[in-house]
>>> print(open('coords-v9.csv').read())   # CSV, C-alpha atoms
chain,number,residue,atom,x,y,z
A,1,MET,CA,-31.2,-5.7,-15.9
A,2,ASN,CA,-28.3,-5.4,-13.5
A,3,ARG,CA,-25.7,-2.8,-14.4
A,4,GLN,CA,-22.2,-4.0,-15.1
A,5,PRO,CA,-20.1,-3.8,-11.9
A,6,LYS,CA,-16.8,-1.9,-11.8
A,7,LEU,CA,-13.9,-4.0,-10.6
A,8,LEU,CA,-11.2,-2.4,-8.4
A,9,GLY,CA,-7.9,-3.3,-6.9
A,10,LEU,CA,-7.6,-1.6,-3.4
A,11,ASP,CA,-4.4,-1.8,-1.4
A,12,ILE,CA,-4.5,-0.5,2.2
A,13,GLY,CA,-0.9,-0.2,3.6
A,14,PHE,CA,0.7,1.4,6.6
A,15,GLY,CA,2.3,3.9,4.3
A,16,PHE,CA,-0.1,4.5,1.4
A,17,THR,CA,-3.6,3.6,0.3
A,18,LYS,CA,-3.9,2.9,-3.4
A,19,CYS,CA,-6.8,2.1,-5.7
A,20,LEU,CA,-7.0,1.5,-9.4
A,21,ASP,CA,-9.4,0.3,-12.1
A,22,GLY,CA,-7.0,-0.2,-15.0
A,23,GLU,CA,-7.4,3.3,-16.3
A,24,HIS,CA,-7.2,5.6,-13.3
A,25,THR,CA,-5.2,5.5,-10.1
A,26,VAL,CA,-5.7,7.1,-6.6
A,27,ILE,CA,-2.8,7.0,-4.1
A,28,PHE,CA,-2.4,8.9,-0.9
A,29,PRO,CA,-0.7,8.6,2.5
A,30,SER,CA,-2.6,6.4,4.9
A,31,SER,CA,-3.0,9.4,7.2
A,32,MET,CA,-6.2,10.6,8.8
A,33,ARG,CA,-7.1,13.3,11.3
A,34,ARG,CA,-10.5,14.2,12.7
A,35,GLY,CA,-11.7,17.6,11.6
A,36,PHE,CA,-9.9,20.1,9.3
A,37,PRO,CA,-9.2,23.8,9.1
A,38,SER,CA,-11.8,26.0,7.5
A,39,PRO,CA,-10.9,27.3,4.0
A,40,ASP,CA,-10.5,30.8,5.5
A,41,SER,CA,-7.8,29.7,8.0
A,42,ALA,CA,-5.4,27.0,6.9
A,43,GLY,CA,-6.5,26.3,3.3
A,44,HIS,CA,-7.0,23.0,1.6
A,45,PRO,CA,-5.2,19.7,2.0
A,46,ALA,CA,-2.0,19.3,0.0
A,47,GLU,CA,-2.0,17.5,-3.3
A,48,GLY,CA,-3.1,13.9,-2.8
A,49,GLY,CA,-5.1,14.9,0.3
A,50,TYR,CA,-8.9,15.0,0.8
A,51,ASP,CA,-11.3,16.7,3.2
A,52,ILE,CA,-14.2,14.3,3.6
A,53,ALA,CA,-17.6,14.3,5.3
A,54,ALA,CA,-18.3,10.9,6.8
A,55,PRO,CA,-21.4,9.9,8.9
A,56,ASP,CA,-19.4,10.2,12.1
A,57,GLY,CA,-17.9,13.6,11.3
A,58,ASP,CA,-15.4,15.5,9.1
A,59,TYR,CA,-11.8,14.2,8.4
A,60,ARG,CA,-8.7,15.2,6.6
A,61,VAL,CA,-7.4,12.2,4.7
A,62,GLY,CA,-4.0,11.7,3.1
A,63,ASP,CA,-2.6,15.1,3.9
A,64,ASP,CA,0.7,14.8,5.8
A,65,THR,CA,1.8,18.4,5.7
A,66,ALA,CA,1.2,19.1,9.4
A,67,SER,CA,3.9,16.6,10.4
A,68,LEU,CA,5.4,13.2,9.6
A,69,SER,CA,2.2,11.8,11.1
A,70,LEU,CA,2.7,8.4,9.6
A,71,LEU,CA,5.8,8.0,11.6
A,72,GLU,CA,4.0,9.2,14.7
A,73,ASP,CA,0.7,7.4,14.3
A,74,PHE,CA,0.2,4.3,12.2
A,75,ALA,CA,3.8,3.4,12.2
A,76,ARG,CA,3.8,3.2,16.0
A,77,ARG,CA,0.2,2.2,16.6
A,78,PRO,CA,-0.6,-0.1,13.7
A,79,GLU,CA,-3.9,-1.4,15.1
A,80,ARG,CA,-5.4,2.0,14.3
A,81,LEU,CA,-4.9,1.5,10.6
A,82,LEU,CA,-8.0,-0.7,10.4
A,83,ASP,CA,-9.5,-0.5,13.8
A,84,THR,CA,-10.2,3.2,13.6
A,85,PHE,CA,-9.7,4.4,10.1
A,86,GLY,CA,-9.7,1.5,7.7
A,87,LYS,CA,-13.2,1.9,6.4
A,88,HIS,CA,-12.8,5.7,5.9
A,89,LEU,CA,-9.5,5.3,4.0
A,90,ALA,CA,-11.1,2.7,1.7
A,91,LEU,CA,-14.1,4.8,1.0
A,92,THR,CA,-12.0,7.9,0.3
A,93,ALA,CA,-10.0,5.9,-2.3
A,94,ILE,CA,-13.1,4.3,-3.8
A,95,ALA,CA,-15.1,7.5,-4.1
A,96,ALA,CA,-13.3,8.6,-7.3
A,97,PHE,CA,-14.5,5.4,-9.0
A,98,SER,CA,-18.1,5.4,-7.9
A,99,GLU,CA,-20.7,7.0,-10.3
A,100,GLN,CA,-24.5,6.8,-9.9
A,101,GLU,CA,-24.3,4.0,-7.4
A,102,CYS,CA,-22.7,1.6,-9.9
A,103,PRO,CA,-22.0,-1.6,-8.0
A,104,LEU,CA,-18.3,-2.2,-7.1
A,105,HIS,CA,-16.5,-5.4,-6.7
A,106,LEU,CA,-13.2,-5.1,-4.7
A,107,THR,CA,-10.2,-7.2,-4.2
A,108,VAL,CA,-8.5,-5.6,-1.1
A,109,GLY,CA,-4.9,-6.2,-0.1
A,110,LEU,CA,-3.9,-5.9,3.6
A,111,PRO,CA,-0.6,-6.4,5.4
A,112,LEU,CA,-0.1,-10.1,6.0
A,113,SER,CA,-0.1,-9.8,9.8
A,114,LEU,CA,-3.5,-8.1,9.8
A,115,THR,CA,-5.2,-10.3,7.2
A,116,PRO,CA,-6.3,-13.1,9.5
A,117,ARG,CA,-7.9,-10.8,12.0
A,118,TRP,CA,-9.4,-8.3,9.7
A,119,LYS,CA,-10.4,-10.3,6.6
A,120,THR,CA,-14.0,-11.0,7.7
A,121,PRO,CA,-14.8,-7.8,9.7
A,122,LEU,CA,-13.4,-5.4,7.0
A,123,ALA,CA,-15.4,-7.2,4.3
A,124,GLU,CA,-18.5,-6.9,6.4
A,125,HIS,CA,-17.8,-3.2,7.1
A,126,LEU,CA,-17.3,-2.4,3.4
A,127,THR,CA,-20.1,-4.4,1.8
A,128,GLY,CA,-23.3,-2.5,1.2
A,129,TYR,CA,-24.3,1.1,0.7
A,130,HIS,CA,-22.2,4.0,2.0
A,131,LYS,CA,-22.4,7.8,1.8
A,132,ILE,CA,-19.3,10.1,1.8
A,133,GLY,CA,-18.8,13.7,0.9
A,134,ILE,CA,-15.7,15.1,-0.7
A,135,TYR,CA,-15.1,18.8,-0.2
A,136,GLN,CA,-14.0,20.7,-3.3
A,137,PRO,CA,-11.6,23.7,-3.4
A,138,ASP,CA,-14.6,26.1,-3.6
A,139,GLY,CA,-16.0,24.7,-0.4
A,140,CYS,CA,-18.8,22.7,-2.1
A,141,CYS,CA,-19.2,19.2,-0.8
A,142,VAL,CA,-19.8,16.6,-3.5
A,143,ARG,CA,-21.8,13.7,-2.1
A,144,LYS,CA,-21.1,10.2,-3.2
A,145,ASN,CA,-23.4,7.2,-2.8
A,146,ILE,CA,-21.1,4.1,-2.9
A,147,HIS,CA,-22.5,0.6,-3.5
A,148,ILE,CA,-20.0,-2.1,-2.7
A,149,ARG,CA,-21.5,-5.5,-3.7
A,150,LYS,CA,-18.5,-7.9,-3.4
A,151,VAL,CA,-15.3,-7.8,-1.3
A,152,HIS,CA,-12.4,-10.3,-1.6
A,153,ILE,CA,-9.5,-9.7,0.8
A,154,VAL,CA,-6.0,-11.1,0.4
A,155,PRO,CA,-2.6,-10.5,1.9
A,156,HIS,CA,-0.4,-7.9,0.1
A,157,PRO,CA,2.2,-10.2,-1.5
A,158,LEU,CA,-0.5,-12.2,-3.3
A,159,GLY,CA,-1.1,-9.1,-5.5
A,160,THR,CA,2.5,-9.2,-6.7
A,161,PHE,CA,2.2,-13.0,-7.4
A,162,ALA,CA,-0.9,-12.3,-9.5
A,163,THR,CA,1.0,-9.9,-11.7
A,164,LEU,CA,3.5,-12.7,-12.4
A,165,ILE,CA,1.0,-15.4,-13.4
A,166,MET,CA,-1.9,-13.4,-14.8
A,167,ASN,CA,-2.4,-11.0,-17.7
A,168,ALA,CA,-4.1,-7.6,-17.2
A,169,ARG,CA,-7.5,-9.2,-17.8
A,170,GLY,CA,-7.1,-11.7,-15.1
A,171,TYR,CA,-6.4,-14.8,-17.2
A,172,LEU,CA,-3.6,-17.2,-16.3
A,173,ARG,CA,-0.6,-16.9,-18.6
A,174,ALA,CA,2.6,-18.8,-19.1
A,175,SER,CA,4.9,-18.1,-16.3
A,176,PRO,CA,7.7,-20.1,-14.6
A,177,TYR,CA,6.5,-19.0,-11.2
A,178,ARG,CA,3.2,-21.0,-11.5
A,179,ALA,CA,5.0,-24.3,-11.0
A,180,SER,CA,8.0,-23.2,-8.9
A,181,LYS,CA,8.6,-22.5,-5.2
A,182,VAL,CA,9.4,-18.9,-4.6
A,183,ALA,CA,9.4,-16.5,-1.6
A,184,LEU,CA,7.8,-13.1,-2.0
A,185,VAL,CA,9.5,-10.4,0.2
A,186,ASP,CA,7.2,-7.4,0.2
A,187,ILE,CA,9.1,-4.4,1.7
A,188,GLY,CA,6.4,-2.0,2.9
A,189,PHE,CA,6.3,1.1,5.0
A,190,ARG,CA,6.1,-0.3,8.5
A,191,THR,CA,6.5,-4.0,7.9
A,192,THR,CA,8.0,-6.5,5.5
A,193,ASP,CA,5.9,-9.5,4.6
A,194,VAL,CA,7.4,-12.8,3.6
A,195,MET,CA,5.2,-15.3,1.8
A,196,VAL,CA,6.3,-18.6,0.3
A,197,MET,CA,4.4,-19.9,-2.7
A,198,THR,CA,4.7,-23.5,-3.8
A,199,ALA,CA,3.1,-24.3,-7.2
A,200,ALA,CA,1.0,-21.2,-6.8
A,201,ARG,CA,-0.2,-22.1,-3.3
A,202,SER,CA,0.8,-20.3,-0.1
A,203,GLY,CA,2.1,-22.1,2.9
A,204,ASN,CA,2.5,-21.2,6.5
A,205,ARG,CA,6.1,-22.3,6.9
A,206,GLY,CA,8.5,-19.5,5.9
A,207,SER,CA,5.7,-17.0,5.8
A,208,GLY,CA,5.1,-14.1,8.2
A,209,THR,CA,5.6,-10.5,9.0
A,210,ILE,CA,8.8,-8.7,10.0
A,211,GLU,CA,8.2,-5.6,12.1
A,212,MET,CA,10.5,-3.5,10.1
A,213,GLY,CA,10.1,-1.5,6.9
A,214,MET,CA,11.1,1.7,5.2
A,215,ALA,CA,9.7,3.8,8.1
A,216,ASP,CA,12.7,2.7,10.2
A,217,GLY,CA,15.1,4.2,7.6
A,218,ILE,CA,13.0,7.3,7.0
A,219,GLU,CA,12.7,8.0,10.7
A,220,ALA,CA,16.4,7.7,11.1
A,221,ILE,CA,17.1,10.2,8.3
A,222,ALA,CA,14.4,12.6,9.6
A,223,ALA,CA,15.9,12.5,13.1
A,224,LYS,CA,19.3,13.4,11.7
A,225,LEU,CA,17.8,16.3,9.6
A,226,ASP,CA,15.9,17.5,12.6
A,227,GLN,CA,19.2,18.1,14.4
A,228,THR,CA,20.3,20.6,11.7
A,229,SER,CA,16.9,22.0,10.6
A,230,SER,CA,13.8,23.0,12.5
A,231,SER,CA,11.6,22.4,9.4
A,232,LEU,CA,10.9,19.2,7.7
A,233,PRO,CA,8.8,18.5,4.6
A,234,ASP,CA,5.8,16.2,4.6
A,235,LEU,CA,6.4,12.5,4.2
A,236,GLN,CA,6.0,12.4,0.4
A,237,GLY,CA,8.4,15.4,0.1
A,238,LEU,CA,10.9,13.7,2.4
A,239,LEU,CA,10.7,10.4,0.4
A,240,SER,CA,11.3,12.3,-2.9
A,241,ALA,CA,14.2,14.2,-1.4
A,242,ILE,CA,15.8,11.0,-0.1
A,243,ARG,CA,15.6,9.4,-3.6
A,244,ARG,CA,17.0,12.6,-5.2
A,245,GLY,CA,19.8,12.6,-2.7
A,246,PHE,CA,19.4,16.2,-1.6
A,247,ILE,CA,16.8,18.5,0.1
A,248,ARG,CA,16.5,22.2,0.3
A,249,ILE,CA,15.2,23.7,3.6
A,250,ALA,CA,15.0,27.4,4.2
A,251,ASP,CA,17.2,28.2,1.2
A,252,GLN,CA,19.9,25.8,2.4
A,253,GLU,CA,20.6,22.6,0.5
A,254,TYR,CA,21.5,19.4,2.4
A,255,ASN,CA,23.3,16.5,0.7
A,256,LEU,CA,21.4,13.3,1.7
A,257,ARG,CA,23.4,10.8,-0.2
A,258,PRO,CA,25.9,9.7,2.5
A,259,LEU,CA,23.2,9.6,5.1
A,260,ARG,CA,20.8,7.6,2.8
A,261,GLU,CA,23.5,5.1,1.8
A,262,ALA,CA,24.5,4.5,5.4
A,263,THR,CA,20.9,4.2,6.5
A,264,TYR,CA,19.9,1.8,3.7
A,265,ARG,CA,23.0,-0.4,4.4
A,266,TRP,CA,22.0,-0.6,8.0
A,267,LEU,CA,18.3,-1.3,7.2
A,268,ALA,CA,19.3,-3.9,4.5
A,269,MET,CA,21.5,-5.8,7.0
A,270,ALA,CA,18.8,-5.9,9.7
A,271,LEU,CA,16.2,-7.0,7.2
A,272,ALA,CA,18.4,-9.7,5.6
A,273,ASP,CA,19.0,-11.4,8.9
A,274,ARG,CA,15.3,-11.7,9.6
A,275,ILE,CA,14.4,-12.7,6.1
A,276,ASN,CA,17.1,-15.4,6.0
A,277,ALA,CA,15.8,-16.7,9.4
A,278,PHE,CA,12.3,-17.0,8.0
A,279,LEU,CA,13.5,-18.9,5.0
A,280,ARG,CA,16.1,-21.1,6.7
A,281,GLU,CA,14.0,-24.3,6.3
A,282,ASP,CA,13.0,-23.6,2.7
A,283,TRP,CA,16.3,-24.8,1.1
A,284,ASP,CA,14.6,-25.6,-2.2
A,285,LEU,CA,13.5,-22.1,-3.1
A,286,GLU,CA,14.1,-21.3,-6.7
A,287,ASN,CA,13.8,-17.5,-6.3
A,288,VAL,CA,13.4,-14.8,-3.7
A,289,LEU,CA,11.3,-12.1,-5.2
A,290,LEU,CA,11.7,-8.5,-3.8
A,291,THR,CA,8.5,-6.4,-4.2
A,292,GLY,CA,6.7,-3.6,-2.5
A,293,GLY,CA,7.2,0.2,-2.3
A,294,GLY,CA,10.6,-0.1,-0.7
A,295,ALA,CA,12.0,-2.9,-2.8
A,296,ALA,CA,13.7,-0.7,-5.4
A,297,ASP,CA,15.2,1.5,-2.7
A,298,LEU,CA,16.8,-1.4,-0.8
A,299,ALA,CA,17.5,-3.9,-3.6
A,300,GLU,CA,21.1,-3.0,-4.3
A,301,ASP,CA,22.1,-3.4,-0.6
A,302,LEU,CA,19.6,-6.1,0.3
A,303,ALA,CA,19.9,-8.6,-2.6
A,304,PRO,CA,23.5,-9.7,-2.0
A,305,LEU,CA,22.7,-10.4,1.7
A,306,ILE,CA,19.7,-12.8,1.1
A,307,ASP,CA,20.4,-16.5,0.7
A,308,GLY,CA,19.3,-17.7,-2.7
A,309,GLU,CA,18.7,-16.2,-6.2
A,310,VAL,CA,17.1,-12.8,-5.8
A,311,VAL,CA,14.9,-11.1,-8.4
A,312,LEU,CA,13.6,-7.5,-8.1
A,313,ILE,CA,10.0,-7.2,-9.3
A,314,GLU,CA,9.4,-3.8,-10.8
A,315,HIS,CA,6.3,-1.9,-11.8
A,316,HIS,CA,6.2,0.2,-15.0
A,317,GLN,CA,4.5,3.2,-13.2
A,318,ASP,CA,5.2,3.1,-9.4
A,319,PRO,CA,6.5,0.3,-7.2
A,320,ARG,CA,3.9,1.2,-4.6
A,321,LEU,CA,1.2,0.1,-7.1
A,322,ILE,CA,2.4,-3.4,-7.9
A,323,ASN,CA,0.1,-5.1,-5.3
A,324,ALA,CA,-2.9,-3.0,-6.2
A,325,ASP,CA,-2.3,-3.9,-9.9
A,326,GLY,CA,-2.3,-7.5,-8.9
A,327,GLN,CA,-5.4,-7.2,-6.8
A,328,LEU,CA,-7.2,-5.8,-9.8
A,329,ARG,CA,-6.1,-8.8,-11.8
A,330,LEU,CA,-7.4,-11.0,-9.0
A,331,ALA,CA,-10.7,-9.3,-9.1
A,332,ARG,CA,-11.0,-9.9,-12.8
A,333,HIS,CA,-9.9,-13.5,-12.4
A,334,HIS,CA,-12.3,-14.0,-9.5
A,335,TRP,CA,-15.4,-12.4,-11.0
A,336,GLY,CA,-14.7,-12.2,-14.7
A,337,ALA,CA,-13.9,-9.1,-16.7
A,338,THR,CA,-17.5,-8.0,-16.6
A,339,GLY,CA,-18.0,-8.7,-12.9
A,340,PHE,CA,-20.9,-11.1,-13.7
A,341,CYS,CA,-18.9,-14.3,-14.1
A,342,HIS,CA,-18.3,-15.9,-10.6
A,343,ASN,CA,-16.1,-18.8,-9.8
A,344,ASN,CA,-16.4,-20.9,-6.7
A,345,HIS,CA,-13.3,-20.0,-4.7
>>> encode(input="coords-v9.csv", output="structure tokens")
Amino acid sequence: MNRQPKLLGLDIGFGFTKCLDGEHTVIFPSSMRRGFPSPDSAGHPAEGGYDIAAPDGDYRVGDDTASLSLLEDFARRPERLLDTFGKHLALTAIAAFSEQECPLHLTVGLPLSLTPRWKTPLAEHLTGYHKIGIYQPDGCCVRKNIHIRKVHIVPHPLGTFATLIMNARGYLRASPYRASKVALVDIGFRTTDVMVMTAARSGNRGSGTIEMGMADGIEAIAAKLDQTSSSLPDLQGLLSAIRRGFIRIADQEYNLRPLREATYRWLAMALADRINAFLREDWDLENVLLTGGGAADLAEDLAPLIDGEVVLIEHHQDPRLINADGQLRLARHHWGATGFCHNNH
């Protein structure tokens, strides 16, 4: 008898990679470097980071302590996200959920601009059997045999839409959004995706990717801080400091509120112009739904600048997880709660 598959929602973004099964969550920066220091020299990766052994060598994944590498790497060379490291990022996130080669069924979310090109090749790269090692603090390498049986790839904003029209088990529920025309505006790290849904179907008109996201604001703030301090925290530390409104570097505290407010106003104005241009022909939109990891940060400044009625979609745990949560619901809808029930789409 076949073992019951485990269903996962996996979200690979320019900023963070996230994976969840409804009980546990893995989230780490989409950062990857070949090789890693030995335990005797530079220690272990920071919290949320992993040292992995892949068939093509050793990598440090998700540890951004060496520099703001996301700003220097994927944010400037986005093709590397999937071309070079996509499979390793996915397997690192999935490893925590793989036990005794239990078959896995994944719904994977990708940035809208990358989905057409990478939908088929990434599914082919992920499907099948994989081996990966995860180094432990004591230096021991725990080997994982991962069996990915099914892969379904969707653009990021579809995950948010799934949370609005499906319950946690993947069943359709009563929702005004199922029959209405809405625009999902997913504010990510490097890009902002715009997707128009009409009666729960996506359309090409009004949909696309804006090459601007939270990285533009974070980079501007980091550049200002770099003028006054020679030491900056890792990306997650900087994000936390920006949201708190202050940062302490070398026993000196810096007030970030004025800089944050000015930067977010500038970023909101620049994004609003582009969003309104995308949606200019969609005069009959009922709502513009703000989602994604940057939505809560920019909503106050951005919402008044967007044409139409704007709604902020929030997540009870972490706004970065809303699409991954929806992708898990899509997996349960697509394959059934047990993974054995398949539909034909």
>>> residues_around(input="coords-v9.csv", residues="A:Ile306", least_positions_apart="6", cutoff="10 Å", atoms="all atoms listed in the file", output="PyMOL selection string")
chain A and resi 268-269+271-277+279+288
>>> residues_around(input="coords-v9.csv", residues="stretch 79-94 of chain A", least_positions_apart="5", cutoff="9 Å", atoms="all atoms listed in the file", output="ChimeraX atom specification")
/A:8,10-14,17-20,26-28,30-32,50,52,54,59,61-62,73-74,104,114,118,122,125-126,130-134,146
>>> write_last_selection(input="coords-v9.csv", atoms="C-alpha atoms", output="PDB file, in the coordinates of the input")
ATOM      1  CA  LEU A   8     -11.200  -2.400  -8.400  1.00  0.00           C
ATOM      2  CA  LEU A  10      -7.600  -1.600  -3.400  1.00  0.00           C
ATOM      3  CA  ASP A  11      -4.400  -1.800  -1.400  1.00  0.00           C
ATOM      4  CA  ILE A  12      -4.500  -0.500   2.200  1.00  0.00           C
ATOM      5  CA  GLY A  13      -0.900  -0.200   3.600  1.00  0.00           C
ATOM      6  CA  PHE A  14       0.700   1.400   6.600  1.00  0.00           C
ATOM      7  CA  THR A  17      -3.600   3.600   0.300  1.00  0.00           C
ATOM      8  CA  LYS A  18      -3.900   2.900  -3.400  1.00  0.00           C
ATOM      9  CA  CYS A  19      -6.800   2.100  -5.700  1.00  0.00           C
ATOM     10  CA  LEU A  20      -7.000   1.500  -9.400  1.00  0.00           C
ATOM     11  CA  VAL A  26      -5.700   7.100  -6.600  1.00  0.00           C
ATOM     12  CA  ILE A  27      -2.800   7.000  -4.100  1.00  0.00           C
ATOM     13  CA  PHE A  28      -2.400   8.900  -0.900  1.00  0.00           C
ATOM     14  CA  SER A  30      -2.600   6.400   4.900  1.00  0.00           C
ATOM     15  CA  SER A  31      -3.000   9.400   7.200  1.00  0.00           C
ATOM     16  CA  MET A  32      -6.200  10.600   8.800  1.00  0.00           C
ATOM     17  CA  TYR A  50      -8.900  15.000   0.800  1.00  0.00           C
ATOM     18  CA  ILE A  52     -14.200  14.300   3.600  1.00  0.00           C
ATOM     19  CA  ALA A  54     -18.300  10.900   6.800  1.00  0.00           C
ATOM     20  CA  TYR A  59     -11.800  14.200   8.400  1.00  0.00           C
ATOM     21  CA  VAL A  61      -7.400  12.200   4.700  1.00  0.00           C
ATOM     22  CA  GLY A  62      -4.000  11.700   3.100  1.00  0.00           C
ATOM     23  CA  ASP A  73       0.700   7.400  14.300  1.00  0.00           C
ATOM     24  CA  PHE A  74       0.200   4.300  12.200  1.00  0.00           C
ATOM     25  CA  LEU A 104     -18.300  -2.200  -7.100  1.00  0.00           C
ATOM     26  CA  LEU A 114      -3.500  -8.100   9.800  1.00  0.00           C
ATOM     27  CA  TRP A 118      -9.400  -8.300   9.700  1.00  0.00           C
ATOM     28  CA  LEU A 122     -13.400  -5.400   7.000  1.00  0.00           C
ATOM     29  CA  HIS A 125     -17.800  -3.200   7.100  1.00  0.00           C
ATOM     30  CA  LEU A 126     -17.300  -2.400   3.400  1.00  0.00           C
ATOM     31  CA  HIS A 130     -22.200   4.000   2.000  1.00  0.00           C
ATOM     32  CA  LYS A 131     -22.400   7.800   1.800  1.00  0.00           C
ATOM     33  CA  ILE A 132     -19.300  10.100   1.800  1.00  0.00           C
ATOM     34  CA  GLY A 133     -18.800  13.700   0.900  1.00  0.00           C
ATOM     35  CA  ILE A 134     -15.700  15.100  -0.700  1.00  0.00           C
ATOM     36  CA  ILE A 146     -21.100   4.100  -2.900  1.00  0.00           C
TER      37      ILE A 146
END
>>> closest_residue(input="coords-v9.csv", among="A:Cys102, A:Leu164, A:Met212, A:Ala96", to="A:Arg3", atoms="only C-alpha atoms")
A:Cys102
>>> residues_around(input="coords-v9.csv", residues="A:Phe278", least_positions_apart="5", cutoff="8 Å", atoms="all atoms listed in the file", output="ChimeraX atom specification")
/A:194,206-208
>>> closest_residue(input="coords-v9.csv", among="A:Glu211, A:Asp325, A:Asp301, A:Asp216", to="A:Glu23", atoms="all atoms listed in the file")
A:Asp325
>>> atom_distance(input="coords-v9.csv", atom1="atom CA of A:Pro111", atom2="atom CA of A:Arg60")
23.1 Å
>>> atom_distance(input="coords-v9.csv", atom1="atom CA of A:Leu225", atom2="atom CA of A:Ile210")
26.6 Å
>>> residues_near_point(input="coords-v9.csv", point="(-13.8, -5.8, -9.1)", cutoff="7 Å", atoms="all atoms listed in the file", output="PyMOL selection string")
chain A and resi 6-9+104-107+328+331-332+339
>>> write_last_selection(input="coords-v9.csv", atoms="C-alpha atoms", output="CSV table (one decimal), in the frame of the given file")
chain,number,residue,atom,x,y,z
A,6,LYS,CA,-16.8,-1.9,-11.8
A,7,LEU,CA,-13.9,-4.0,-10.6
A,8,LEU,CA,-11.2,-2.4,-8.4
A,9,GLY,CA,-7.9,-3.3,-6.9
A,104,LEU,CA,-18.3,-2.2,-7.1
A,105,HIS,CA,-16.5,-5.4,-6.7
A,106,LEU,CA,-13.2,-5.1,-4.7
A,107,THR,CA,-10.2,-7.2,-4.2
A,328,LEU,CA,-7.2,-5.8,-9.8
A,331,ALA,CA,-10.7,-9.3,-9.1
A,332,ARG,CA,-11.0,-9.9,-12.8
A,339,GLY,CA,-18.0,-8.7,-12.9
>>> residues_around(input="coords-v9.csv", residues="A:Gly159", least_positions_apart="4", cutoff="7 Å", atoms="all atoms listed in the file", output="ChimeraX atom specification")
/A:163,323-327
>>> residues_around(input="coords-v9.csv", residues="stretch 249-258 of chain A", least_positions_apart="4", cutoff="8 Å", atoms="all atoms listed in the file", output="list in words")
Ser229, Ser231, Leu232, Ala241, Ile242, Gly245 and Ala262 of chain A
>>> atom_distance(input="coords-v9.csv", atom1="atom CA of A:Pro233", atom2="atom CA of A:Asp63")
11.9 Å
>>> closest_residue(input="coords-v9.csv", among="A:Ala200, A:Ala296, A:Leu239, A:Phe16", to="A:Met166", atoms="only C-alpha atoms")
A:Ala200
>>> closest_residue(input="coords-v9.csv", among="A:Ala220, A:Leu298, A:Leu267, A:Ala95", to="A:Arg143", atoms="all atoms listed in the file")
A:Ala95
>>> closest_residue(input="coords-v9.csv", among="A:Gln4, A:Asn204, A:Thr25, A:Asn287", to="A:Ser180", atoms="all atoms listed in the file")
A:Asn287
>>> decode(input="coords-v9.csv", residues="stretch 257-284 of chain A", atoms="C-alpha atoms", output="mmCIF file, in the first residue's frame")
data_model
loop_
_atom_site.group_PDB
_atom_site.id
_atom_site.type_symbol
_atom_site.label_atom_id
_atom_site.label_comp_id
_atom_site.auth_asym_id
_atom_site.auth_seq_id
_atom_site.Cartn_x
_atom_site.Cartn_y
_atom_site.Cartn_z
ATOM 1 C CA ARG A 257 11.946 56.651 11.909
ATOM 2 C CA PRO A 258 12.475 59.833 9.837
ATOM 3 C CA LEU A 259 14.578 57.961 7.284
ATOM 4 C CA ARG A 260 12.087 55.083 7.137
ATOM 5 C CA GLU A 261 9.105 57.404 6.712
ATOM 6 C CA ALA A 262 10.766 59.416 3.944
ATOM 7 C CA THR A 263 11.968 56.274 2.157
ATOM 8 C CA TYR A 264 8.582 54.527 2.360
ATOM 9 C CA ARG A 265 6.813 57.643 1.042
ATOM 10 C CA TRP A 266 9.173 57.757 -1.930
ATOM 11 C CA LEU A 267 8.817 54.022 -2.599
ATOM 12 C CA ALA A 268 5.016 54.167 -2.288
ATOM 13 C CA MET A 269 4.787 57.041 -4.770
ATOM 14 C CA ALA A 270 7.004 55.257 -7.285
ATOM 15 C CA LEU A 271 5.057 51.997 -6.952
ATOM 16 C CA ALA A 272 1.653 53.681 -7.103
ATOM 17 C CA ASP A 273 2.440 55.280 -10.446
ATOM 18 C CA ARG A 274 3.343 51.914 -11.928
ATOM 19 C CA ILE A 275 0.438 50.039 -10.340
ATOM 20 C CA ASN A 276 -2.080 52.590 -11.598
ATOM 21 C CA ALA A 277 -0.553 52.337 -15.082
ATOM 22 C CA PHE A 278 -1.007 48.550 -15.045
ATOM 23 C CA LEU A 279 -4.642 48.842 -13.992
ATOM 24 C CA ARG A 280 -5.624 51.836 -16.107
ATOM 25 C CA GLU A 281 -7.868 49.767 -18.417
ATOM 26 C CA ASP A 282 -9.494 47.800 -15.601
ATOM 27 C CA TRP A 283 -12.007 50.479 -14.636
ATOM 28 C CA ASP A 284 -14.462 47.896 -13.241
#
